[in-house]
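*Asks:* See my_file13.cif below, with mmCIF, N, CA and C atoms and all ligand atoms.
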```cif
data_query
#
loop_
_atom_site.label_atom_id
_atom_site.label_comp_id
_atom_site.auth_asym_id
_atom_site.auth_seq_id
_atom_site.Cartn_x
_atom_site.Cartn_y
_atom_site.Cartn_z
N MET A 1 14.44 -18.09 -10.29
CA MET A 1 14.52 -17.26 -11.50
C MET A 1 15.96 -16.83 -11.74
N VAL A 2 16.37 -16.81 -12.99
CA VAL A 2 17.73 -16.38 -13.33
C VAL A 2 17.79 -14.86 -13.32
N VAL A 3 18.79 -14.32 -12.63
CA VAL A 3 18.99 -12.87 -12.62
C VAL A 3 19.97 -12.48 -13.72
N CYS A 4 21.10 -13.15 -13.74
CA CYS A 4 22.18 -12.79 -14.66
C CYS A 4 22.45 -13.95 -15.61
N VAL A 5 22.10 -13.75 -16.86
CA VAL A 5 22.27 -14.80 -17.86
C VAL A 5 23.75 -15.05 -18.14
N CYS A 6 24.52 -13.98 -18.23
CA CYS A 6 25.96 -14.11 -18.56
C CYS A 6 26.68 -15.01 -17.56
N ASN A 7 26.34 -14.86 -16.28
CA ASN A 7 27.03 -15.61 -15.24
C ASN A 7 26.18 -16.75 -14.68
N ALA A 8 25.00 -16.95 -15.24
CA ALA A 8 24.08 -17.99 -14.78
C ALA A 8 23.82 -17.89 -13.28
N LEU A 9 23.56 -16.67 -12.82
CA LEU A 9 23.28 -16.45 -11.40
C LEU A 9 21.77 -16.41 -11.19
N ARG A 10 21.34 -17.14 -10.17
CA ARG A 10 19.92 -17.16 -9.85
C ARG A 10 19.63 -16.15 -8.74
N GLU A 11 18.34 -15.89 -8.59
CA GLU A 11 17.92 -14.96 -7.55
C GLU A 11 18.43 -15.41 -6.17
N THR A 12 18.40 -16.71 -5.93
CA THR A 12 18.86 -17.21 -4.62
C THR A 12 20.35 -16.91 -4.42
N ASP A 13 21.13 -16.96 -5.50
CA ASP A 13 22.56 -16.66 -5.40
C ASP A 13 22.76 -15.20 -5.00
N VAL A 14 22.03 -14.31 -5.68
CA VAL A 14 22.18 -12.87 -5.42
C VAL A 14 21.72 -12.55 -4.00
N ARG A 15 20.66 -13.21 -3.54
CA ARG A 15 20.19 -12.99 -2.17
C ARG A 15 21.25 -13.45 -1.16
N LYS A 16 21.89 -14.57 -1.45
CA LYS A 16 22.93 -15.07 -0.56
C LYS A 16 24.10 -14.07 -0.49
N ALA A 17 24.50 -13.57 -1.65
CA ALA A 17 25.60 -12.59 -1.70
C ALA A 17 25.23 -11.34 -0.91
N THR A 18 23.96 -10.95 -0.99
CA THR A 18 23.50 -9.77 -0.25
C THR A 18 23.61 -10.01 1.25
N ARG A 19 23.23 -11.20 1.68
CA ARG A 19 23.34 -11.52 3.11
C ARG A 19 24.80 -11.58 3.53
N ASN A 20 25.71 -11.81 2.59
CA ASN A 20 27.14 -11.81 2.89
C ASN A 20 27.73 -10.40 2.83
N GLY A 21 26.88 -9.41 2.61
CA GLY A 21 27.35 -8.03 2.69
C GLY A 21 27.37 -7.25 1.39
N ALA A 22 27.03 -7.88 0.28
CA ALA A 22 27.06 -7.16 -1.00
C ALA A 22 25.94 -6.11 -1.03
N SER A 23 26.24 -4.95 -1.58
CA SER A 23 25.26 -3.88 -1.60
C SER A 23 24.97 -3.38 -3.01
N CYS A 24 25.64 -3.94 -4.00
CA CYS A 24 25.39 -3.55 -5.39
C CYS A 24 25.67 -4.77 -6.27
N PRO A 25 25.21 -4.75 -7.51
CA PRO A 25 25.42 -5.91 -8.38
C PRO A 25 26.90 -6.30 -8.50
N THR A 26 27.78 -5.32 -8.64
CA THR A 26 29.20 -5.65 -8.82
C THR A 26 29.75 -6.39 -7.60
N SER A 27 29.44 -5.89 -6.40
CA SER A 27 29.96 -6.56 -5.21
C SER A 27 29.28 -7.90 -4.99
N ALA A 28 28.00 -7.99 -5.38
CA ALA A 28 27.31 -9.28 -5.24
C ALA A 28 27.93 -10.32 -6.16
N TYR A 29 28.23 -9.94 -7.39
CA TYR A 29 28.79 -10.90 -8.33
C TYR A 29 30.21 -11.27 -7.91
N ALA A 30 30.96 -10.29 -7.40
CA ALA A 30 32.32 -10.58 -6.92
C ALA A 30 32.25 -11.59 -5.79
N ASN A 31 31.25 -11.41 -4.91
CA ASN A 31 31.05 -12.32 -3.79
C ASN A 31 30.80 -13.74 -4.28
N LEU A 32 30.22 -13.86 -5.46
CA LEU A 32 29.89 -15.17 -6.03
C LEU A 32 30.98 -15.64 -7.00
N GLY A 33 32.09 -14.90 -7.03
CA GLY A 33 33.22 -15.30 -7.87
C GLY A 33 33.04 -14.96 -9.34
N CYS A 34 32.17 -13.98 -9.62
CA CYS A 34 31.90 -13.60 -11.02
C CYS A 34 32.12 -12.11 -11.19
N ARG A 35 32.05 -11.72 -12.45
CA ARG A 35 32.12 -10.30 -12.78
C ARG A 35 30.99 -9.96 -13.73
N PRO A 36 30.43 -8.75 -13.61
CA PRO A 36 29.40 -8.35 -14.56
C PRO A 36 29.97 -8.32 -15.97
N LYS A 37 29.16 -8.71 -16.92
CA LYS A 37 29.60 -8.69 -18.31
C LYS A 37 28.77 -7.68 -19.09
N CYS A 38 27.59 -8.07 -19.57
CA CYS A 38 26.83 -7.15 -20.42
C CYS A 38 26.13 -6.05 -19.61
N GLY A 39 25.83 -6.32 -18.32
CA GLY A 39 25.18 -5.31 -17.49
C GLY A 39 23.67 -5.23 -17.62
N GLN A 40 23.09 -6.04 -18.48
CA GLN A 40 21.64 -6.02 -18.69
C GLN A 40 20.87 -6.41 -17.43
N CYS A 41 21.51 -7.16 -16.58
CA CYS A 41 20.85 -7.68 -15.39
C CYS A 41 20.85 -6.69 -14.24
N PHE A 42 21.57 -5.58 -14.36
CA PHE A 42 21.74 -4.68 -13.21
C PHE A 42 20.44 -4.18 -12.61
N PRO A 43 19.48 -3.71 -13.42
CA PRO A 43 18.24 -3.22 -12.79
C PRO A 43 17.55 -4.29 -11.95
N PHE A 44 17.45 -5.50 -12.49
CA PHE A 44 16.79 -6.56 -11.73
C PHE A 44 17.64 -6.99 -10.54
N ALA A 45 18.96 -7.06 -10.73
CA ALA A 45 19.83 -7.42 -9.62
C ALA A 45 19.70 -6.41 -8.49
N ARG A 46 19.61 -5.14 -8.84
CA ARG A 46 19.45 -4.10 -7.81
C ARG A 46 18.15 -4.30 -7.04
N GLU A 47 17.09 -4.66 -7.77
CA GLU A 47 15.80 -4.91 -7.11
C GLU A 47 15.90 -6.06 -6.12
N VAL A 48 16.56 -7.14 -6.56
CA VAL A 48 16.69 -8.32 -5.70
C VAL A 48 17.51 -7.96 -4.45
N ILE A 49 18.59 -7.21 -4.64
CA ILE A 49 19.44 -6.82 -3.51
C ILE A 49 18.65 -5.93 -2.56
N ALA A 50 17.90 -4.96 -3.11
CA ALA A 50 17.11 -4.06 -2.26
C ALA A 50 16.06 -4.83 -1.48
N ALA A 51 15.43 -5.81 -2.13
CA ALA A 51 14.39 -6.59 -1.46
C ALA A 51 15.00 -7.41 -0.33
N GLU A 52 16.17 -7.99 -0.58
CA GLU A 52 16.81 -8.81 0.46
C GLU A 52 17.27 -7.94 1.62
N ARG A 53 17.81 -6.76 1.31
CA ARG A 53 18.27 -5.88 2.37
C ARG A 53 17.10 -5.37 3.20
N ALA A 54 15.94 -5.19 2.57
CA ALA A 54 14.76 -4.70 3.28
C ALA A 54 14.27 -5.71 4.31
N THR A 55 14.54 -7.00 4.06
CA THR A 55 14.07 -8.03 4.99
C THR A 55 15.14 -8.42 6.00
N ALA A 56 16.35 -7.88 5.84
CA ALA A 56 17.47 -8.27 6.73
C ALA A 56 17.28 -7.67 8.11
S1 LIG B 1 23.15 -10.74 -17.77
FE1 LIG B 1 24.39 -10.18 -16.10
S2 LIG B 1 26.16 -9.36 -16.96
FE2 LIG B 1 25.00 -10.02 -18.66
#
```
With the file now loaded, output its structure as structure tokens.

*Replies:*
Amino acid sequence: MVVCVCNALRETDVRKATRNGASCPTSAYANLGCRPKCGQCFPFAREVIAAERATA
């Protein structure tokens, strides 16, 4: 599933960034070489990050 339309980031990308230490959407996107643009994806990105951190 796509998390961030602006940067074409998928859920798997955000989970990978979380495993690399990202703890918020901004740091996750930076980890993937992107920057947040419209910010519409933040609530869902936060959910994905929280879910991945809960299983770490
Ligand atoms: S959808 Fe992620 S910044 Fe726009």

*Asks:* Select, from A:Thr26, A:Thr12, A:Asn31, A:Gln40, the residue with the minimum atom-to-atom distance to ligand LIG 1 (chain B), counting all atoms listed in the file.

*Replies:* A:Gln40

*Asks:* Can you list every residue in chain A that DSSP puts in alpha helix (DSSP H), as a ChimeraX atom specification?

*Replies:* /A:11-19,25-31,42-55

*Asks:* Do you know which residues are within 6.5 Å of ligand LIG 1 (chain B) using all atoms listed in the file? Can you write them as a count of residues only?

*Replies:* 13

*Asks:* Select, from A:Val2, A:Cys34, A:Ser27, A:Ile49, the residue with the minimum atom-to-atom distance to Arg15 in chain A, counting only C-alpha atoms.

*Replies:*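 Of all the options, A:Ile49 lies closest to Arg15 in chain A.
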
*Asks:* So which residues of chain A fall under strand (DSSP E or B) by DSSP, listed as a PDB file with N, CA and C atoms, keeping the file's coordinate frame?

*Replies:*
```pdb
ATOM      1  N   VAL A   2      16.370 -16.810 -12.990  1.00  0.00           N
ATOM      2  CA  VAL A   2      17.730 -16.380 -13.330  1.00  0.00           C
ATOM      3  C   VAL A   2      17.790 -14.860 -13.320  1.00  0.00           C
ATOM      4  N   VAL A   3      18.790 -14.320 -12.630  1.00  0.00           N
ATOM      5  CA  VAL A   3      18.990 -12.870 -12.620  1.00  0.00           C
ATOM      6  C   VAL A   3      19.970 -12.480 -13.720  1.00  0.00           C
ATOM      7  N   CYS A   4      21.100 -13.150 -13.740  1.00  0.00           N
ATOM      8  CA  CYS A   4      22.180 -12.790 -14.660  1.00  0.00           C
ATOM      9  C   CYS A   4      22.450 -13.950 -15.610  1.00  0.00           C
ATOM     10  N   LEU A   9      23.560 -16.670 -12.820  1.00  0.00           N
ATOM     11  CA  LEU A   9      23.280 -16.450 -11.400  1.00  0.00           C
ATOM     12  C   LEU A   9      21.770 -16.410 -11.190  1.00  0.00           C
ATOM     13  N   ARG A  10      21.340 -17.140 -10.170  1.00  0.00           N
ATOM     14  CA  ARG A  10      19.920 -17.160  -9.850  1.00  0.00           C
ATOM     15  C   ARG A  10      19.630 -16.150  -8.740  1.00  0.00           C
TER      16      ARG A  10
END
```

*Asks:* What separation in Å, quoted to one decimal, exists between CA of Gly21 in chain A and CA of Ala8 in chain A?

*Replies:*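 Computing the Euclidean distance for CA of Gly21 in chain A and CA of Ala8 in chain A yields 20.4 Å.
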
*Asks:* Produce the centre coordinates and the three edge lengths, each in Å to one decimal, of the box along x, y and z that contains all listed atoms of range 35-52 of chain A with 6 Å added on each side, as JSON.

*Replies:*
```
{"center_x": 23.3, "center_y": -7.5, "center_z": -9.4, "size_x": 29.7, "size_y": 20.5, "size_z": 34.0}
```

*Asks:* Between A:Ala28, A:Ala50, A:Ala45, A:Ala56, which has the minimum distance to Lys16 in chain A (counting only N, CA and C atoms)?

*Replies:*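 That would be A:Ala28, the residue with the smallest distance to Lys16 in chain A.
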
*Asks:* To one decimal in Å, tell me the separation between CA of Ser23 in chain A and CA of Phe44 in chain A.

*Replies:* 13.5 Å
